Every structure is written in structure tokens, then in C-alpha cells.
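Colleague: Sharing work22.cif (mmCIF, C-alpha atoms) below.
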data_protein
loop_
_atom_site.label_atom_id
_atom_site.label_comp_id
_atom_site.auth_asym_id
_atom_site.auth_seq_id
_atom_site.Cartn_x
_atom_site.Cartn_y
_atom_site.Cartn_z
CA MET A 219 28.50 56.76 -101.92
CA ARG A 220 27.84 53.58 -99.98
CA ALA A 221 25.01 53.81 -97.46
CA ARG A 222 26.09 53.60 -93.84
CA ARG A 223 24.93 50.45 -92.08
CA LEU A 224 22.78 50.92 -88.99
CA PRO A 225 24.29 49.46 -85.80
CA LEU A 226 22.93 46.08 -84.67
CA PRO A 227 21.50 45.85 -81.13
CA ALA A 228 23.63 43.51 -79.06
CA GLU A 229 20.84 41.70 -77.19
CA PRO A 230 18.01 39.59 -78.65
CA ILE A 231 14.50 41.04 -78.59
CA GLU A 232 11.01 39.55 -78.36
CA VAL A 233 8.87 39.80 -81.49
CA ASP A 234 5.25 38.91 -82.25
CA ILE A 235 4.94 37.57 -85.79
CA ARG A 236 1.82 38.90 -87.52
CA SER A 237 2.16 37.41 -91.01
CA VAL A 238 4.52 35.54 -93.33
CA ASP A 239 5.80 36.66 -96.72
CA GLY A 240 6.18 34.53 -99.85
CA ARG A 241 9.73 33.50 -98.92
CA GLY A 242 8.74 32.02 -95.58
CA ARG A 243 9.91 34.99 -93.50
CA GLY A 244 7.80 36.05 -90.56
CA ILE A 245 6.92 39.73 -90.35
CA GLY A 246 6.71 41.60 -87.07
CA GLU A 247 7.16 45.13 -85.78
CA VAL A 248 9.56 46.50 -83.19
CA GLY A 249 9.63 50.17 -82.23
CA GLY A 250 7.64 51.12 -85.30
CA ARG A 251 10.02 49.31 -87.65
CA ARG A 252 9.21 46.16 -89.58
CA ILE A 253 11.42 43.13 -89.04
CA ARG A 254 11.53 39.97 -91.20
CA VAL A 255 12.52 36.69 -89.56
CA PRO A 256 13.20 33.51 -91.59
CA GLY A 257 11.92 30.36 -89.93
CA ALA A 258 9.02 32.12 -88.21
CA LEU A 259 5.28 31.46 -88.49
CA ALA A 260 2.27 33.74 -88.11
CA GLY A 261 0.99 34.02 -84.55
CA GLU A 262 4.27 33.10 -82.89
CA ARG A 263 6.21 34.95 -80.27
CA LEU A 264 9.97 34.65 -80.74
CA ARG A 265 13.24 35.75 -79.27
CA VAL A 266 15.13 37.22 -82.22
CA ARG A 267 18.69 38.40 -82.80
CA TYR A 268 19.23 41.23 -85.28
CA ARG A 269 21.23 40.23 -88.34
CA ARG A 270 20.83 43.26 -90.57
CA ARG A 271 19.32 46.73 -90.38
CA ARG A 272 18.21 48.53 -93.51
CA LYS A 273 16.80 51.96 -94.18
CA ARG A 274 13.16 50.81 -94.09
CA GLU A 275 13.18 47.45 -92.31
CA ASP A 276 15.31 44.99 -90.38
CA GLU A 277 16.14 41.27 -90.54
CA GLY A 278 16.63 38.89 -87.66
CA GLU A 279 17.19 35.22 -86.86
CA VAL A 280 15.30 32.99 -84.46
CA VAL A 281 17.05 32.47 -81.13
CA GLU A 282 14.16 30.87 -79.26
CA VAL A 283 10.51 30.07 -79.93
CA LEU A 284 8.59 31.41 -76.93
CA ALA A 285 5.09 30.59 -78.20
CA ALA A 286 4.87 28.26 -81.22
CA ALA A 287 2.20 28.14 -83.89
CA ALA A 288 0.14 24.95 -84.11
CA ASP A 289 1.61 24.20 -87.55
CA ARG A 290 5.26 24.34 -86.44
CA VAL A 291 7.29 21.15 -86.84
CA ALA A 292 10.94 20.39 -86.11
CA PRO A 293 13.14 20.89 -89.22
CA ARG A 294 14.93 17.70 -90.25
CA CYS A 295 18.02 19.51 -91.51
CA PRO A 296 20.43 20.83 -88.84
CA HIS A 297 21.40 23.67 -91.22
CA PHE A 298 17.84 24.91 -91.83
CA TYR A 299 17.97 28.15 -89.86
CA GLY A 300 21.16 29.30 -91.58
CA CYS A 301 20.90 27.86 -95.09
CA GLY A 302 18.70 29.59 -97.64
CA GLY A 303 18.06 26.45 -99.70
CA CYS A 304 14.76 25.79 -97.88
CA ASP A 305 12.12 28.20 -96.60
CA TRP A 306 9.51 25.96 -94.96
CA GLN A 307 11.03 22.93 -93.20
CA HIS A 308 9.57 24.28 -89.95
CA LEU A 309 6.01 24.25 -91.34
CA ASP A 310 3.66 21.25 -91.35
CA PRO A 311 3.59 19.94 -94.96
CA ASP A 312 -0.20 20.04 -95.26
CA ALA A 313 -0.29 23.61 -93.97
CA GLY A 314 2.41 24.59 -96.47
CA LEU A 315 0.44 23.16 -99.38
CA ARG A 316 -2.73 24.90 -98.21
CA ALA A 317 -0.85 28.20 -98.10
CA LYS A 318 0.53 27.73 -101.62
CA GLU A 319 -2.86 26.71 -102.97
CA ALA A 320 -4.47 29.76 -101.38
CA GLU A 321 -1.78 31.96 -102.95
CA VAL A 322 -2.52 30.69 -106.46
CA LEU A 323 -6.30 30.77 -106.07
CA ALA A 324 -6.11 34.35 -104.78
CA ALA A 325 -4.01 35.35 -107.82
CA LEU A 326 -6.53 33.68 -110.14
CA ALA A 327 -9.47 35.37 -108.42
CA ALA A 328 -7.80 38.77 -108.82
CA ALA A 329 -7.60 38.03 -112.56
CA GLY A 330 -11.29 37.13 -112.67
CA VAL A 331 -10.73 33.37 -112.90
CA GLU A 332 -12.27 30.67 -110.73
CA PRO A 333 -11.73 26.92 -111.23
CA ALA A 334 -14.80 24.72 -111.47
CA ARG A 335 -12.85 22.06 -109.56
CA VAL A 336 -9.83 22.15 -107.24
CA ASP A 337 -8.19 18.73 -107.00
CA PRO A 338 -5.90 17.44 -104.23
CA PRO A 339 -2.23 18.41 -104.61
CA ILE A 340 0.14 16.16 -106.52
CA ARG A 341 2.64 14.93 -103.93
CA GLY A 342 5.99 13.18 -103.90
CA PRO A 343 9.02 12.75 -101.63
CA ARG A 344 9.81 15.71 -99.41
CA PHE A 345 13.48 14.87 -98.80
CA GLY A 346 16.19 13.62 -101.15
CA TYR A 347 14.08 14.77 -104.08
CA ARG A 348 16.35 17.28 -105.85
CA ARG A 349 17.91 15.55 -108.85
CA LYS A 350 19.01 18.90 -110.32
CA ALA A 351 20.80 21.64 -108.39
CA ARG A 352 23.48 24.28 -108.87
CA LEU A 353 25.73 24.38 -105.82
CA GLY A 354 27.81 27.44 -105.12
CA VAL A 355 31.49 27.01 -104.26
CA ARG A 356 33.68 29.47 -102.37
CA PHE A 357 37.07 29.16 -100.71
CA VAL A 358 36.85 31.07 -97.41
CA PRO A 359 39.82 30.40 -95.09
CA GLY A 360 38.05 32.22 -92.26
CA LYS A 361 35.23 29.65 -92.34
CA GLY A 362 37.46 26.60 -92.47
CA GLY A 363 38.24 26.50 -96.18
CA ALA A 364 35.94 25.50 -99.03
CA LEU A 365 32.18 25.99 -98.79
CA VAL A 366 29.79 24.06 -101.04
CA GLY A 367 26.01 24.47 -101.17
CA PHE A 368 23.39 27.20 -101.05
CA ARG A 369 23.46 30.80 -99.90
CA GLU A 370 22.74 31.78 -96.34
CA LYS A 371 19.33 33.12 -95.44
CA PHE A 372 21.02 36.47 -94.89
CA GLY A 373 23.07 38.00 -97.70
CA ASN A 374 24.99 36.34 -100.51
CA ARG A 375 27.51 34.28 -98.56
CA LEU A 376 27.40 30.51 -98.72
CA ALA A 377 26.12 28.59 -95.75
CA VAL A 378 28.50 26.21 -93.97
CA LEU A 379 27.03 22.77 -94.78
CA GLU A 380 28.07 19.21 -94.06
CA SER A 381 24.99 17.62 -95.65
CA CYS A 382 21.74 18.56 -97.39
CA ALA A 383 18.46 16.81 -96.67
CA VAL A 384 16.75 17.73 -99.96
CA LEU A 385 19.50 16.88 -102.46
CA HIS A 386 19.51 13.53 -104.24
CA PRO A 387 20.73 10.77 -101.84
CA ALA A 388 23.84 10.19 -103.96
CA VAL A 389 25.03 13.73 -103.11
CA GLY A 390 23.09 15.13 -100.13
CA PRO A 391 25.01 13.23 -97.41
CA ARG A 392 28.32 13.95 -99.20
CA VAL A 393 28.39 17.76 -99.06
CA GLY A 394 31.10 17.57 -96.39
CA GLU A 395 33.13 15.26 -98.66
CA LEU A 396 32.71 17.73 -101.52
CA ARG A 397 34.04 20.50 -99.28
CA SER A 398 37.10 18.41 -98.44
CA LEU A 399 37.58 17.55 -102.11
CA VAL A 400 37.51 21.19 -103.22
CA ASP A 401 39.84 22.08 -100.32
CA SER A 402 42.36 19.55 -101.64
CA LEU A 403 42.44 21.05 -105.14
CA ASP A 404 45.17 23.42 -106.25
CA ALA A 405 42.45 25.30 -108.20
CA ARG A 406 40.10 25.60 -105.20
CA GLU A 407 39.86 29.39 -105.53
CA ARG A 408 38.90 29.14 -109.22
CA ILE A 409 35.89 26.81 -108.97
CA PRO A 410 32.67 28.88 -108.64
CA GLN A 411 30.02 26.16 -108.84
CA ILE A 412 29.19 22.48 -109.09
CA GLU A 413 26.16 21.34 -111.06
CA LEU A 414 24.32 18.23 -109.82
CA ALA A 415 22.29 16.13 -112.23
CA ALA A 416 20.88 12.72 -111.32
CA GLY A 417 18.99 10.20 -113.41
CA ASP A 418 17.44 6.90 -112.46
CA GLY A 419 20.75 5.07 -112.87
CA GLY A 420 23.34 7.47 -111.47
CA ALA A 421 24.43 11.04 -110.85
CA VAL A 422 26.98 13.41 -112.38
CA LEU A 423 28.75 16.40 -110.84
CA VAL A 424 29.87 19.07 -113.30
CA PHE A 425 32.72 21.20 -111.93
CA ARG A 426 32.84 24.71 -113.40
CA HIS A 427 36.45 25.94 -113.37
CA LEU A 428 37.80 29.31 -114.47
CA ASP A 429 41.36 28.13 -115.16
CA PRO A 430 42.61 24.84 -116.65
CA LEU A 431 43.01 22.05 -114.09
CA GLY A 432 46.42 20.49 -113.63
CA PRO A 433 47.13 16.74 -113.70
CA ALA A 434 47.12 16.48 -109.90
CA ASP A 435 43.66 18.04 -109.59
CA ARG A 436 42.28 15.82 -112.34
CA GLU A 437 43.62 12.77 -110.53
CA ARG A 438 42.04 13.90 -107.23
CA LEU A 439 38.68 14.27 -108.98
CA ARG A 440 39.01 10.82 -110.56
CA ARG A 441 39.74 9.26 -107.16
CA PHE A 442 36.68 10.97 -105.67
CA ALA A 443 34.54 9.65 -108.54
CA ALA A 444 35.82 6.10 -108.02
CA ALA A 445 35.23 6.23 -104.26
CA SER A 446 31.77 7.85 -104.43
CA GLY A 447 30.36 6.18 -107.51
CA LEU A 448 29.49 9.60 -108.94
CA GLY A 449 30.32 10.73 -112.44
CA VAL A 450 32.55 13.80 -112.72
CA ALA A 451 32.64 16.21 -115.64
CA LEU A 452 34.48 19.49 -116.25
CA GLN A 453 33.11 22.77 -117.59
CA PRO A 454 35.79 25.34 -118.51
CA GLY A 455 33.38 27.54 -120.51
CA GLY A 456 29.77 27.54 -121.69
CA PRO A 457 27.40 24.56 -121.68
CA GLU A 458 28.96 23.20 -124.87
CA SER A 459 32.35 22.88 -123.11
CA VAL A 460 31.22 20.15 -120.67
CA THR A 461 33.41 17.06 -121.02
CA PRO A 462 33.45 13.85 -118.94
CA LEU A 463 36.43 13.20 -116.68
CA ALA A 464 35.20 10.06 -114.92
CA GLY A 465 32.12 8.27 -116.21
CA GLY A 466 29.87 9.47 -119.01
CA LEU A 467 27.34 12.25 -119.51
CA ASP A 468 24.40 10.05 -120.42
CA LEU A 469 21.59 10.31 -117.87
CA SER A 470 18.00 9.14 -118.17
CA TYR A 471 14.73 8.82 -116.32
CA ARG A 472 11.70 6.63 -116.86
CA LEU A 473 8.04 7.49 -117.26
CA SER A 474 6.88 3.99 -116.40
CA GLU A 475 3.19 4.63 -116.97
CA PHE A 476 3.99 5.26 -120.64
CA GLY A 477 6.84 2.76 -121.08
CA LEU A 478 9.26 5.59 -121.86
CA GLU A 479 12.89 6.27 -120.98
CA LEU A 480 14.12 9.81 -121.66
CA GLY A 481 17.79 10.69 -121.92
CA PHE A 482 19.20 14.06 -120.91
CA HIS A 483 22.52 15.90 -120.57
CA PRO A 484 23.62 17.10 -117.10
CA LEU A 485 22.96 20.75 -118.01
CA ASP A 486 19.60 20.14 -119.73
CA PHE A 487 16.43 21.37 -118.08
CA VAL A 488 14.41 18.59 -116.48
CA GLN A 489 12.01 18.86 -113.57
CA VAL A 490 13.87 18.49 -110.27
CA ASN A 491 11.44 16.10 -108.58
CA ALA A 492 11.27 12.83 -110.54
CA GLN A 493 8.20 11.34 -108.83
CA VAL A 494 6.17 14.54 -108.96
CA ASN A 495 7.16 15.00 -112.60
CA ALA A 496 5.93 11.50 -113.46
CA ALA A 497 2.61 12.16 -111.71
CA LEU A 498 2.33 15.54 -113.41
CA VAL A 499 2.81 13.97 -116.84
CA GLU A 500 0.15 11.36 -116.07
CA ARG A 501 -2.24 14.09 -114.94
CA ALA A 502 -1.59 16.23 -118.01
CA VAL A 503 -2.15 13.36 -120.45
CA GLU A 504 -5.32 12.33 -118.63
CA GLU A 505 -6.66 15.88 -118.76
CA LEU A 506 -5.77 16.32 -122.42
CA ARG A 507 -7.41 13.04 -123.45
CA PRO A 508 -5.08 13.05 -126.46
CA ALA A 509 -6.93 13.13 -129.75
CA GLY A 510 -6.27 14.56 -133.17
CA ARG A 511 -3.33 16.95 -133.24
CA VAL A 512 -1.71 17.96 -129.96
CA LEU A 513 0.79 20.81 -129.65
CA ASP A 514 3.28 20.88 -126.74
CA LEU A 515 4.95 24.25 -126.23
CA PHE A 516 8.24 24.65 -124.29
CA ALA A 517 8.72 20.92 -124.85
CA GLY A 518 12.25 20.46 -123.46
CA VAL A 519 13.57 16.92 -123.93
CA GLY A 520 10.10 15.62 -124.84
CA ASN A 521 8.80 15.08 -121.30
CA PHE A 522 5.13 15.62 -122.17
CA THR A 523 5.23 15.29 -125.98
CA LEU A 524 6.39 11.68 -126.03
CA ALA A 525 3.90 10.62 -123.36
CA ILE A 526 1.11 12.21 -125.42
CA ALA A 527 2.30 10.51 -128.61
CA SER A 528 2.52 7.14 -126.85
CA ARG A 529 -1.26 7.36 -126.41
CA GLY A 530 -1.77 7.51 -130.18
CA ALA A 531 -2.11 11.24 -130.80
CA ALA A 532 -0.05 13.15 -133.36
CA ALA A 533 2.11 15.31 -131.08
CA THR A 534 4.31 18.26 -132.02
CA GLY A 535 6.79 19.69 -129.52
CA ILE A 536 8.11 23.26 -129.88
CA GLU A 537 11.20 24.31 -127.90
CA GLY A 538 13.44 27.37 -128.04
CA ASP A 539 16.76 25.63 -127.33
CA PRO A 540 17.98 23.74 -130.43
CA ARG A 541 20.05 21.40 -128.25
CA LEU A 542 16.93 20.30 -126.38
CA VAL A 543 15.09 19.86 -129.67
CA GLU A 544 17.77 17.44 -130.85
CA ARG A 545 17.65 15.63 -127.48
CA ALA A 546 13.87 15.28 -127.83
CA ARG A 547 14.28 13.82 -131.33
CA GLU A 548 16.84 11.36 -129.96
CA ASN A 549 14.35 10.37 -127.25
CA ALA A 550 11.65 9.79 -129.88
CA ARG A 551 14.01 7.47 -131.76
CA ARG A 552 15.12 5.80 -128.56
CA ASN A 553 11.52 4.96 -127.65
CA ARG A 554 10.42 4.23 -131.24
CA ILE A 555 7.77 6.95 -131.10
CA GLU A 556 6.81 7.80 -134.66
CA ARG A 557 3.86 10.13 -134.06
CA ALA A 558 5.98 12.88 -132.46
CA GLU A 559 7.93 15.65 -134.15
CA PHE A 560 9.97 18.48 -132.69
CA HIS A 561 10.84 21.96 -133.94
CA ALA A 562 12.92 24.87 -132.64
CA ALA A 563 11.22 28.27 -132.30
CA ASP A 564 11.59 31.30 -130.04
CA LEU A 565 8.11 31.35 -128.53
CA ALA A 566 8.61 34.82 -127.08
CA ARG A 567 8.91 36.25 -130.61
CA PRO A 568 5.71 37.52 -132.25
CA GLY A 569 4.58 35.25 -135.06
CA ALA A 570 6.83 32.32 -134.05
CA LEU A 571 3.85 30.08 -133.41
CA ALA A 572 2.04 30.75 -136.70
CA PRO A 573 3.68 28.04 -138.87
CA HIS A 574 2.90 25.39 -136.25
CA VAL A 575 -0.82 26.14 -135.85
CA ALA A 576 -1.65 26.74 -139.51
CA GLY A 577 -3.16 23.28 -139.88
CA GLY A 578 -5.25 23.57 -136.71
CA VAL A 579 -4.68 22.23 -133.20
CA ASP A 580 -7.10 20.06 -131.20
CA ARG A 581 -5.26 20.08 -127.87
CA LEU A 582 -2.58 22.35 -126.43
CA LEU A 583 -0.15 21.74 -123.58
CA LEU A 584 2.28 24.39 -122.39
CA ASP A 585 4.91 24.36 -119.65
CA PRO A 586 6.50 27.82 -119.90
CA PRO A 587 9.23 29.42 -117.76
CA ARG A 588 8.40 31.88 -114.99
CA THR A 589 7.71 34.62 -117.55
CA GLY A 590 4.66 32.71 -118.75
CA ALA A 591 3.23 32.36 -122.24
CA GLU A 592 1.55 35.69 -122.98
CA GLU A 593 2.86 36.09 -126.54
CA VAL A 594 2.03 32.51 -127.46
CA LEU A 595 -1.53 32.65 -126.15
CA ARG A 596 -2.28 35.91 -127.91
CA SER A 597 -1.09 34.28 -131.14
CA LEU A 598 -3.54 31.38 -130.97
CA PRO A 599 -5.86 31.08 -133.98
CA ARG A 600 -9.60 31.49 -133.45
CA PRO A 601 -11.26 29.29 -132.42
CA GLY A 602 -8.49 27.95 -130.24
CA PRO A 603 -7.84 24.34 -129.19
CA GLU A 604 -10.76 22.52 -127.61
CA ARG A 605 -8.73 21.84 -124.48
CA ILE A 606 -5.63 23.45 -122.97
CA VAL A 607 -3.43 22.14 -120.14
CA TYR A 608 -1.18 24.80 -118.63
CA VAL A 609 1.67 23.70 -116.33
CA SER A 610 2.92 26.73 -114.39
CA CYS A 611 5.83 27.57 -112.12
CA HIS A 612 4.69 31.12 -111.24
CA PRO A 613 1.27 32.11 -109.83
CA GLY A 614 1.44 35.67 -111.17
CA THR A 615 2.03 34.81 -114.81
CA LEU A 616 -0.41 31.88 -114.59
CA ALA A 617 -3.13 34.26 -113.39
CA ARG A 618 -2.31 36.77 -116.14
CA ASP A 619 -2.39 34.14 -118.89
CA LEU A 620 -5.52 32.38 -117.65
CA GLY A 621 -7.19 35.75 -117.28
CA TRP A 622 -6.66 36.25 -121.00
CA LEU A 623 -7.86 32.76 -121.93
CA VAL A 624 -11.03 33.07 -119.83
CA GLY A 625 -11.83 36.75 -120.22
CA GLY A 626 -10.45 37.26 -123.72
CA LEU A 627 -11.07 33.96 -125.50
CA GLY A 628 -14.01 32.52 -123.60
CA TYR A 629 -12.36 29.47 -122.06
CA ARG A 630 -13.52 27.90 -118.81
CA LEU A 631 -11.07 26.81 -116.10
CA ARG A 632 -12.26 23.25 -115.69
CA ALA A 633 -9.78 22.02 -113.07
CA PHE A 634 -6.78 23.13 -111.04
CA ALA A 635 -4.25 21.29 -108.86
CA LEU A 636 -1.06 22.17 -107.05
CA ALA A 637 2.09 20.09 -107.65
CA ASP A 638 4.55 19.83 -104.74
CA MET A 639 7.58 19.99 -107.03
CA PHE A 640 9.84 21.91 -104.61
CA PRO A 641 8.91 20.91 -101.03
CA HIS A 642 10.07 23.23 -98.23
CA THR A 643 10.49 26.18 -100.63
CA SER A 644 8.34 29.10 -101.76
CA HIS A 645 8.38 27.78 -105.34
CA VAL A 646 4.84 27.03 -106.57
CA GLU A 647 4.11 24.55 -109.38
CA SER A 648 0.56 23.94 -110.57
CA ILE A 649 -1.50 22.51 -113.42
CA ALA A 650 -4.67 23.98 -114.91
CA THR A 651 -7.10 22.50 -117.45
CA LEU A 652 -9.23 24.77 -119.66
CA GLU A 653 -12.04 24.02 -122.10
CA ARG A 654 -13.09 26.16 -125.02
CA GLY A 655 -16.42 27.85 -125.38
CA ALA A 656 -17.84 27.39 -121.90
CA GLY A 657 -16.77 30.71 -120.35
#
Can you turn what I pasted into C-alpha cells?
Modeller:
Amino acid sequence: MRARRLPLPAEPIEVDIRSVDGRGRGIGEVGGRRIRVPGALAGERLRVRYRRRRKREDEGEVVEVLAAAADRVAPRCPHFYGCGGCDWQHLDPDAGLRAKEAEVLAALAAAGVEPARVDPPIRGPRFGYRRKARLGVRFVPGKGGALVGFREKFGNRLAVLESCAVLHPAVGPRVGELRSLVDSLDARERIPQIELAAGDGGAVLVFRHLDPLGPADRERLRRFAAASGLGVALQPGGPESVTPLAGGLDLSYRLSEFGLELGFHPLDFVQVNAQVNAALVERAVEELRPAGRVLDLFAGVGNFTLAIASRGAAATGIEGDPRLVERARENARRNRIERAEFHAADLARPGALAPHVAGGVDRLLLDPPRTGAEEVLRSLPRPGPERIVYVSCHPGTLARDLGWLVGGLGYRLRAFALADMFPHTSHVESIATLERGAG
């Protein structure tokens, strides 16, 4: 039986915000009930309109800021308060980075880990930085037709957007054009998403469609591609079904410090922020001081492996997706890197690492998904690599894994730095360097 929704008060209320959660929502209390308010900051007093009432807490939206926090800034995007794509555009960038850094350091401390050195955050552009994004598509006549973009801050509906300040400049200002394009298609109700992928030389939009597209729709998409300069591809099924309609699928980005150019497919995983990624690779290679045999786990298209090998080390990249392994091998050939090899292995499976560490490893780099690298780290031979660089996208699993390395294997956390990979969001990227035998 579906729970009955509580009625929403008609008039806005005044709320004192006491704290902020990890998603950038202010937390206050009204009449003994907790209320979460996106776009609020701790210490503020706001006029708030109720948007949703739940059994244990409520949600509201900012109507007016009555007393602002010192760190509040004006959001650049006019859609910020409704669109859920960003959490923190209203927060001073330095304050946001301090909050993220404090979050990770607190998680590490709870795991019994303290860095010997905390370095300044790795920074990059704060707008127009997203070269990879999955945009939702819905046809909603009641909201003017097609919607393209991110979900609203409340619920699962798509926000009504005309532009996006954080998407790659080839696409961000054209969200309104994309809406009109989808509106013009006969298949507009059968297109659930558009994937954006941008390289250094261009961008591709991959249209997922649930039914075959007719000749008229294909022609409309071709005309849009010609007018916008964007590549257009179609995806009727899984990732292997992607085919170009206008332009090709070949994208690439440069790691200039290493003289490398890496190719990737529009649906491949690559870091969303090109400049921060380049700086992160430079930092990782510097911290590793490549020597002897270096193992790169969760290697993707060779982002770190090839940079390491370009410095003269023998580098081995391990990746779970065979398609990415082949892409990494192509990138090695493309850049004439001979001291790199790539292998496919499911690193979450016990024993998967054993064949690749049998000959010993001098340095280890890992860039795991949000679930971390627990199985891999517990499979390391003793003694482990002299130095480990861990690139993380989740503070909780980073703390768990570093807790094991420090407390279980005797490593020392030599250095830590935040990487501002996803500005204005609650996503936290960081890099940690560990040394063996000093813990």
C-alpha cells in the first residue's frame, strides 16, 4: 500500500540552518521536524517553501536568504536552485575545497590514518569542465515538450534547462537547441538519454533510442550535426551498438607533459575534467618516481600507465573491461610506447592479481571505482611495493583501504592532496602516496 503524502504548508517558513549534509543540503528544524534545504549554508537564516514532506523529515527550497553566510556567493547558473546537477555553486570555491578536504581527513582519522603532509588541492576550471556526461531525456508536454539535462533537486523529474554552465562549451550553451531538436523528432518519446563525450578536437553526442529511427529523424540529426559542428552517433542497444551517423567516433586527449595523445570511444571511461586529470597524472608520476616494475590497476585506456612508461619504467596496466584493454594497447602503439603492457582481469575476484605480481612489483598505482580496492590490497605479496599511489573517488573506501595498508601492512601515508575533479558537486577525488616500512 502506497504511503499517504503529508500535506504541504501553503506559506513559506523561516528556517535557521544548523549544518550541511554531504549533498550540499542545509539542515534545520521546524516544529521538532528536520528539514533539508538544497542551496543553503550553515549559519544562515532562510525563507523556505516546502517541497516534500516525508515520514521522518521534510524538504524545502530557498525562497529568500534573510541572513547569508560569509561563504555564500551568487551561483553563475540561472538553473542552480532547481537543477540537481550541481550542489555547491552558492559556496565560495575555497570554502568548498576546505570542506571536502576536512571530510576526507576526518574519514582517514577514523580509520587510524594521518598523512605526514597535506598538499594544496589540485585545481582546474570550475565551469565548462565536464567533457563526459549522461543527459536524461524526457518528453513532457506539460512542461513545454522535450526536457534534456539533469534531474531536479527534488525527486526524479528532469529540470527544465536552456543551458548548463558546467558542461563542455561545445554543448553547455546548446541545451535549449537539444531540447528543440528532440522535440522535432518523430521518436521523441523513445529517446531516454544522450551521452556527451568531448576530446581535445571535438565532441560527440550519442543518442540512445529504444525504437529504430526513421529516415526523417536521421536527416534532422544530420542537419543538427552540420549546424553545430558536433558529431552524432546512435545507440539502439548496448555499448557495442554505437554507430556514427554524422562524424566519427574517434576522440582523443593530450597529456602534454608526457608527449602523449590518448584515443577513446564516446562510451569509454575517462576522467571528466581534462585539466585536473592532466595535473593528477603529473602528480602521480612524480610521487611514484617510476623505477623498476610499476603496476597500474584499474588502468582504463592507459591514462596513468603510458605516462609512467614514458618515463622509462616497465609499466603493466590491469583493467577489467576487455574493450578498454584493447584501447590501451592501441594507445601504446599510437604513442610508440614499448615498455607498457596491458592485461584484462577482474580485480574484484580473489586471486585475480596473483599472476601479475608473481615477479615482484616496485611501485603500485591504483585508481579504483567507488567500491575501492579491498580485494586487491589484501592480495598483495609481502613485502609489498616500496611506494603506492592511490587515486580515490570515495572518502569512505579510501579510508578503509588506507587503514589496511597502514595498520595491516605497515605503510606510512606520506602525502595527501585533494583533486577538484567535479567542482560544485559533492563528489570528492583525492590522491594519496604511501611508503612501505615506515608505519
Colleague: Let me make sure I understand: among A:Leu379, A:Leu326, A:Leu353, A:Ile235, which one has the smallest atom-to-atom distance to Tyr299 of chain A if we use all atoms listed in the file?
Modeller: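 Ranking A:Leu379, A:Leu326, A:Leu353, A:Ile235 by distance to Tyr299 of chain A, first place goes to A:Leu379.
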Colleague: Any idea what's packed within 10 Å of Val281 of chain A, counting only C-alpha atoms, ignoring anything in its chain fewer than 6 positions away? Could you give it as a ChimeraX atom specification?
Modeller: /A:230-232,264-268,299
Colleague: Evaluate the PyMOL selection byres ((chain A and resi 300-315) around 7) on the structure here and hand back the selected residues as a PyMOL selection string.
Modeller: chain A and resi 241-242+257+289-293+297-299+316-319+368-371+377+642-644
Colleague: Work out how far apart atom CA of Asp401 of chain A and atom CA of Gly456 of chain A are and give it in Å to one decimal.
Modeller: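 About the pair atom CA of Asp401 of chain A and atom CA of Gly456 of chain A: they are 24.2 Å apart.
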Colleague: Quick one: distance from atom CA of Leu259 of chain A to atom CA of Glu321 of chain A in Å, one decimal?
Modeller: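 Computed distance, atom CA of Leu259 of chain A to atom CA of Glu321 of chain A, equals 16.1 Å.
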Colleague: I'd like the neighbourhood of segment 423-434 of chain A as a JSON list (two decimals) with C-alpha atoms, in the coordinates of the input, where a residue qualifies if any of its atoms comes within 7 Å (using only C-alpha atoms), though same-chain residues fewer than 6 positions away should be ignored.
Modeller:
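So the final result, stored in part29.json, reads:
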[["chain", "number", "residue", "atom", "x", "y", "z"],
["A", 405, "ALA", "CA", 42.45, 25.30, -108.20],
["A", 408, "ARG", "CA", 38.90, 29.14, -109.22],
["A", 409, "ILE", "CA", 35.89, 26.81, -108.97],
["A", 410, "PRO", "CA", 32.67, 28.88, -108.64],
["A", 411, "GLN", "CA", 30.02, 26.16, -108.84],
["A", 412, "ILE", "CA", 29.19, 22.48, -109.09],
["A", 413, "GLU", "CA", 26.16, 21.34, -111.06],
["A", 414, "LEU", "CA", 24.32, 18.23, -109.82],
["A", 415, "ALA", "CA", 22.29, 16.13, -112.23],
["A", 449, "GLY", "CA", 30.32, 10.73, -112.44],
["A", 450, "VAL", "CA", 32.55, 13.80, -112.72],
["A", 451, "ALA", "CA", 32.64, 16.21, -115.64],
["A", 452, "LEU", "CA", 34.48, 19.49, -116.25],
["A", 453, "GLN", "CA", 33.11, 22.77, -117.59],
["A", 454, "PRO", "CA", 35.79, 25.34, -118.51]]
Colleague: Which one is closest to Gly655 of chain A: A:Gly465, A:Gly578, A:Gly621, A:Pro601? Count all atoms listed in the file.
Modeller: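 Answer, going by the shortest atom-to-atom distance: A:Pro601.
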Colleague: Listing only residues of segment 395-509 of chain A within 9 Å of segment 550-565 of chain A, what is the closest atom pair and its distance in Å (to one decimal) for each, using only C-alpha atoms, sorted by chain and residue number ascending, as CSV?
Modeller:
residue,atom,partner,partner_atom,distance
A:Gly477,CA,A:Asn553,CA,8.4
A:Leu478,CA,A:Asn553,CA,6.2
A:Glu479,CA,A:Asn553,CA,6.9
A:Leu480,CA,A:Arg552,CA,8.0
A:Gly481,CA,A:Arg552,CA,8.7
Colleague: For the selection you just gave me, I'd like the residues written to a file as a PDB file, in the coordinates of the input, keeping C-alpha atoms.
Modeller:
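This is the output file part_4.pdb:
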ATOM      1  CA  GLY A 477       6.840   2.760-121.080  1.00  0.00           C
ATOM      2  CA  LEU A 478       9.260   5.590-121.860  1.00  0.00           C
ATOM      3  CA  GLU A 479      12.890   6.270-120.980  1.00  0.00           C
ATOM      4  CA  LEU A 480      14.120   9.810-121.660  1.00  0.00           C
ATOM      5  CA  GLY A 481      17.790  10.690-121.920  1.00  0.00           C
TER       6      GLY A 481
END
